[in-house]
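Student: So I've got this file, upload.txt, and it contains compact mmCIF, C-alpha atoms:
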```txt
# COMPACT_ATOMS: atom_id res chain seq x y z
CA MET A 1 -72.83 4.93 -123.73
CA ASP A 2 -71.82 7.37 -120.98
CA TYR A 3 -68.23 6.35 -120.19
CA ASN A 4 -67.82 9.06 -117.55
CA ARG A 5 -70.80 7.65 -115.69
CA ILE A 6 -69.35 4.13 -115.97
CA ARG A 7 -65.96 5.32 -114.69
CA ASN A 8 -67.55 7.17 -111.77
CA PHE A 9 -69.53 4.05 -110.89
CA ILE A 10 -66.39 1.89 -110.95
CA ASN A 11 -64.40 4.43 -108.93
CA SER A 12 -67.14 4.48 -106.29
CA TYR A 13 -65.89 1.03 -105.25
CA SER A 14 -62.29 2.19 -104.88
CA HIS A 15 -60.63 2.40 -101.47
CA ASP A 16 -58.29 5.21 -100.47
CA ASP A 17 -54.88 4.32 -99.06
CA SER A 18 -54.72 4.30 -95.29
CA GLY A 19 -52.02 5.66 -92.99
CA VAL A 20 -48.91 7.45 -94.20
CA LEU A 21 -49.27 6.33 -97.83
CA GLY A 22 -52.73 7.87 -97.97
CA GLU A 23 -51.41 11.08 -96.46
CA ILE A 24 -48.65 11.26 -99.10
CA TYR A 25 -51.24 10.83 -101.85
CA GLU A 26 -53.61 13.48 -100.48
CA ARG A 27 -50.77 15.94 -99.92
CA ALA A 28 -49.58 15.42 -103.49
CA LEU A 29 -53.07 16.19 -104.80
CA MET A 30 -53.28 19.33 -102.67
CA ASP A 31 -49.86 20.49 -103.90
CA GLU A 32 -50.83 19.68 -107.52
CA VAL A 33 -48.02 17.17 -107.85
CA PRO A 34 -48.80 14.69 -110.66
CA VAL A 35 -49.60 11.31 -109.13
CA ILE A 36 -51.23 8.28 -110.68
CA ARG A 37 -55.02 8.16 -110.63
CA ARG A 38 -56.86 5.93 -108.20
CA ASP A 39 -58.07 3.41 -110.77
CA THR A 40 -54.50 3.23 -112.11
CA VAL A 41 -53.29 2.48 -108.58
CA GLU A 42 -55.69 -0.45 -108.27
CA PHE A 43 -54.79 -1.74 -111.72
CA LEU A 44 -51.06 -1.66 -110.96
CA ARG A 45 -51.51 -3.41 -107.62
CA VAL A 46 -53.33 -6.30 -109.27
CA LEU A 47 -50.85 -6.41 -112.15
CA LEU A 48 -47.87 -6.57 -109.78
CA GLN A 49 -49.44 -9.44 -107.90
CA MET A 50 -49.89 -11.31 -111.17
CA ILE A 51 -46.36 -10.64 -112.48
CA ARG A 52 -44.50 -10.83 -109.14
CA PRO A 53 -41.52 -8.75 -110.35
CA LYS A 54 -38.38 -8.57 -108.22
CA ASN A 55 -36.62 -5.77 -110.10
CA ILE A 56 -38.60 -2.67 -111.04
CA LEU A 57 -37.63 0.46 -112.96
CA GLU A 58 -39.82 3.53 -112.60
CA VAL A 59 -39.41 6.60 -114.78
CA GLY A 60 -40.89 9.53 -112.88
CA THR A 61 -40.67 9.47 -109.08
CA ALA A 62 -42.39 12.76 -108.21
CA VAL A 63 -42.80 12.59 -104.40
CA GLY A 64 -42.38 8.82 -104.29
CA TYR A 65 -46.02 7.78 -104.00
CA SER A 66 -46.07 5.23 -106.83
CA SER A 67 -42.70 3.78 -105.77
CA LEU A 68 -44.02 3.34 -102.25
CA MET A 69 -47.31 1.88 -103.44
CA MET A 70 -45.36 -0.70 -105.45
CA ALA A 71 -43.03 -1.32 -102.50
CA GLU A 72 -45.97 -1.96 -100.19
CA THR A 73 -47.38 -4.41 -102.73
CA LEU A 74 -44.07 -6.25 -103.20
CA SER A 75 -43.53 -6.51 -99.44
CA LYS A 76 -46.79 -8.45 -99.21
CA ILE A 77 -45.87 -10.72 -102.12
CA PHE A 78 -42.36 -11.67 -101.00
CA ASP A 79 -41.37 -12.79 -97.52
CA ASP A 80 -37.75 -11.77 -98.04
CA SER A 81 -36.09 -8.55 -99.18
CA SER A 82 -34.96 -9.85 -102.56
CA TRP A 83 -36.83 -7.20 -104.56
CA HIS A 84 -35.69 -3.69 -105.49
CA ILE A 85 -37.02 -0.55 -107.18
CA ASP A 86 -34.94 1.98 -109.13
CA THR A 87 -36.79 5.23 -109.80
CA CYS A 88 -35.77 8.31 -111.84
CA GLU A 89 -36.47 11.94 -110.94
CA LEU A 90 -35.16 15.29 -112.17
CA SER A 91 -36.55 17.84 -109.69
CA PRO A 92 -34.31 18.39 -106.61
CA GLU A 93 -37.34 19.49 -104.57
CA ARG A 94 -39.30 16.37 -105.40
CA ILE A 95 -36.25 14.17 -104.87
CA ALA A 96 -35.89 15.58 -101.36
CA GLU A 97 -39.56 14.99 -100.59
CA ALA A 98 -39.53 11.51 -102.12
CA ARG A 99 -36.43 10.56 -100.15
CA ALA A 100 -38.09 11.70 -96.91
CA ASN A 101 -41.25 9.75 -97.73
CA ILE A 102 -39.29 6.63 -98.61
CA LEU A 103 -37.25 6.88 -95.42
CA GLY A 104 -40.36 7.50 -93.36
CA LEU A 105 -41.98 4.29 -94.56
CA GLY A 106 -38.80 2.26 -94.07
CA TYR A 107 -37.92 1.48 -97.69
CA ALA A 108 -34.63 3.39 -98.02
CA ASP A 109 -32.74 0.11 -98.61
CA ARG A 110 -35.24 -1.16 -101.19
CA ILE A 111 -35.84 1.97 -103.31
CA THR A 112 -33.01 3.82 -105.08
CA ILE A 113 -33.62 7.28 -106.57
CA LEU A 114 -31.64 7.89 -109.76
CA GLU A 115 -31.20 11.66 -109.85
CA GLY A 116 -31.22 13.67 -113.06
CA ASP A 117 -32.97 13.79 -116.42
CA ALA A 118 -34.22 10.24 -117.00
CA ALA A 119 -33.56 10.54 -120.74
CA GLU A 120 -29.86 10.88 -119.88
CA THR A 121 -29.74 8.79 -116.69
CA LEU A 122 -31.13 5.72 -118.42
CA LYS A 123 -28.66 5.98 -121.29
CA VAL A 124 -25.70 5.37 -118.97
CA LEU A 125 -27.44 2.86 -116.71
CA GLY A 126 -25.76 -0.51 -117.04
CA ARG A 127 -23.09 0.71 -119.46
CA ASP A 128 -20.33 0.85 -116.84
CA GLU A 129 -18.07 -2.13 -117.58
CA GLN A 130 -17.29 -2.41 -113.88
CA LEU A 131 -20.94 -2.95 -112.97
CA GLU A 132 -23.41 -5.62 -113.94
CA LYS A 133 -26.18 -4.36 -116.23
CA PRO A 134 -29.54 -4.45 -114.44
CA GLU A 135 -32.39 -6.38 -116.03
CA TYR A 136 -35.83 -5.30 -114.95
CA ASP A 137 -38.92 -7.49 -114.72
CA PHE A 138 -41.29 -4.52 -114.68
CA VAL A 139 -40.96 -0.96 -116.01
CA PHE A 140 -43.38 1.85 -115.19
CA ILE A 141 -43.09 4.92 -117.44
CA ASP A 142 -44.79 8.01 -116.01
CA ALA A 143 -42.72 11.10 -116.79
CA ALA A 144 -42.38 13.70 -119.58
CA LYS A 145 -44.63 12.40 -122.35
CA ALA A 146 -42.55 13.97 -125.11
CA GLN A 147 -39.65 11.71 -124.04
CA TYR A 148 -41.54 8.39 -123.94
CA MET A 149 -39.79 7.07 -127.05
CA ILE A 150 -36.37 7.57 -125.41
CA TYR A 151 -37.56 5.92 -122.21
CA LEU A 152 -38.87 2.97 -124.19
CA ASP A 153 -35.61 2.43 -126.08
CA GLU A 154 -33.66 2.32 -122.82
CA ALA A 155 -36.28 0.20 -121.08
CA LEU A 156 -36.00 -2.38 -123.86
CA ARG A 157 -32.23 -2.42 -123.48
CA LEU A 158 -32.61 -3.07 -119.76
CA SER A 159 -35.32 -5.70 -120.09
CA HIS A 160 -35.54 -9.42 -120.83
CA LYS A 161 -38.07 -11.69 -122.48
CA GLY A 162 -41.25 -11.42 -120.43
CA THR A 163 -40.54 -7.98 -118.96
CA VAL A 164 -43.74 -5.95 -118.66
CA ILE A 165 -43.57 -2.25 -119.58
CA VAL A 166 -46.47 -0.05 -118.47
CA SER A 167 -46.80 3.43 -120.00
CA ASP A 168 -49.13 5.83 -118.16
CA ASN A 169 -51.05 8.93 -119.33
CA ILE A 170 -51.04 7.89 -122.96
CA LEU A 171 -54.37 9.62 -123.66
CA ALA A 172 -53.03 13.03 -122.52
CA ASP A 173 -56.36 14.02 -120.94
CA GLY A 174 -58.15 13.15 -124.18
CA ASP A 175 -55.96 15.30 -126.46
CA ILE A 176 -54.55 12.21 -128.14
CA LEU A 177 -58.00 11.50 -129.62
CA GLU A 178 -58.05 14.82 -131.46
CA SER A 179 -56.35 15.76 -134.70
CA HIS A 180 -53.12 17.75 -134.63
CA PHE A 181 -54.80 21.08 -135.41
CA LEU A 182 -57.58 20.73 -132.83
CA VAL A 183 -55.05 20.54 -130.00
CA GLU A 184 -53.74 23.67 -128.29
CA LYS A 185 -50.60 24.83 -130.12
CA ARG A 186 -48.43 24.43 -127.00
CA ASP A 187 -49.51 20.77 -126.70
CA ARG A 188 -49.04 19.71 -130.32
CA THR A 189 -45.50 18.37 -129.90
CA ILE A 190 -46.61 16.09 -127.07
CA HIS A 191 -49.69 15.07 -129.07
CA ASP A 192 -47.66 14.13 -132.14
CA ARG A 193 -44.96 12.30 -130.20
CA MET A 194 -47.50 10.32 -128.21
CA ARG A 195 -49.27 9.32 -131.43
CA GLU A 196 -45.88 8.12 -132.74
CA TYR A 197 -45.26 6.30 -129.47
CA LEU A 198 -48.58 4.46 -129.62
CA TYR A 199 -47.90 3.43 -133.21
CA ARG A 200 -44.45 2.17 -132.17
CA ILE A 201 -45.57 0.04 -129.24
CA LYS A 202 -48.43 -1.47 -131.26
CA ASN A 203 -46.20 -2.33 -134.23
CA ASP A 204 -42.81 -3.11 -132.69
CA GLU A 205 -42.04 -6.80 -133.27
CA LYS A 206 -40.29 -6.92 -129.89
CA LEU A 207 -43.49 -6.03 -128.04
CA ASP A 208 -47.04 -7.28 -127.59
CA THR A 209 -49.13 -4.34 -126.40
CA ALA A 210 -52.65 -3.69 -125.13
CA ILE A 211 -53.95 -0.13 -124.80
CA LEU A 212 -56.46 0.34 -121.97
CA SER A 213 -58.67 3.25 -120.92
CA VAL A 214 -57.63 3.00 -117.27
CA GLY A 215 -56.98 6.37 -115.62
CA ASP A 216 -55.62 8.71 -118.28
CA GLY A 217 -54.89 5.72 -120.51
CA ILE A 218 -52.39 2.91 -119.97
CA ALA A 219 -50.41 0.76 -122.38
CA VAL A 220 -49.27 -2.65 -121.15
CA SER A 221 -46.46 -4.13 -123.23
CA VAL A 222 -44.77 -7.50 -122.88
CA CYS A 223 -41.24 -7.97 -124.23
CA LEU A 224 -41.13 -10.90 -126.67
```
Please lay out the structure from this file as C-alpha cells.
Tutor:
Amino acid sequence: MDYNRIRNFINSYSHDDSGVLGEIYERALMDEVPVIRRDTVEFLRVLLQMIRPKNILEVGTAVGYSSLMMAETLSKIFDDSSWHIDTCELSPERIAEARANILGLGYADRITILEGDAAETLKVLGRDEQLEKPEYDFVFIDAAKAQYMIYLDEALRLSHKGTVIVSDNILADGDILESHFLVEKRDRTIHDRMREYLYRIKNDEKLDTAILSVGDGIAVSVCL
C-alpha cells in the first residue's frame, strides 16, 4: 500500500488558514521555522472541539502559530473568556515574533509566553507556595525531541485525571523506524531518546496512549 499516495490524497481535501493566521503560517514555512503540519492542524482542531479544554499548556511556541490556532478554536467553542493558554519558548527572536503575532490577533490577555528553556521553566511552574499550581486540561508537546521525557514528567505533575497530552513529531521524519546504527550519527541521541519515550508512554500505568501516523507522528495520551 502506498501510504504517501494516501496521505497526499487526504491532504488534497485540507483547507489553508485564511487571513492573518494563514499569513503567519506561510511566513513561518518561508523562514524555515518549524510549525505543525497541515494534517496535524486539522487533527488538533477536531480534538480540541471534542475535549473542550479551558487550560492549555504548550511546549514549543516558535512564532506562535499553534498557540493562535488553538486560541481561534477555543474562541469558537466558548462564549466567554474563561480559557487560557500557557506556552513555552527559549529563542528571544521567536518570542518577539510570537508576541507580535499574538498581539496582532488580539489574544495577548489569553496567551502567556513562558520564556526560557522549557525543561527548566516547567520544573518551577506551580512550585511557588504563594501561587496556586496550574492544572492543565490539554498539553501539546512540540519542542526539542531529546527533552520529551522531561516535558512529560512535568506535564504529568501539572495535569489531572482526564488531561490529554499530545506529543508531536514522534516519528522524527521516519528515523524512529530505523535501527540505531542506520540513523545518522548526529541524530542517534534523539532517535534513542524518542524510542525510550514511546516505550514510556505506551507502558506507563498513569497513561493510556494511542500512536497515530498523523503529520510526522502524534501520540495522544490520556491521564488515568
Student: At what distance in Å, to one decimal, does atom CA of Leu125 of chain A lie from atom CA of Glu154 of chain A?
Tutor: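 Separating atom CA of Glu154 of chain A from atom CA of Leu125 of chain A is a distance of 8.7 Å.
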Student: Near Ala119 of chain A, counting all atoms listed in the file, which residues have an atom at most 12 Å away, once you skip same-chain residues fewer than 5 positions from it, shown as a count of residues only?
Tutor: 22
Student: Quick check, in Å to one decimal: how far apart do atom CA of Gly104 of chain A and atom CA of Val20 of chain A lie?
Tutor: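 That distance, rounded to one decimal, is 8.6 Å.
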Student: Measure the distance from atom CA of Leu68 of chain A to atom CA of Ser167 of chain A in Å and round it to one decimal.
Tutor: 18.0 Å
Student: Within 12 Å of Glu23 of chain A, counting only C-alpha atoms, which residues show up once you throw out same-chain ones fewer than 4 positions away? Write them as a PyMOL selection string, please.
Tutor: chain A and resi 16-19+27-30+63+65+101+105
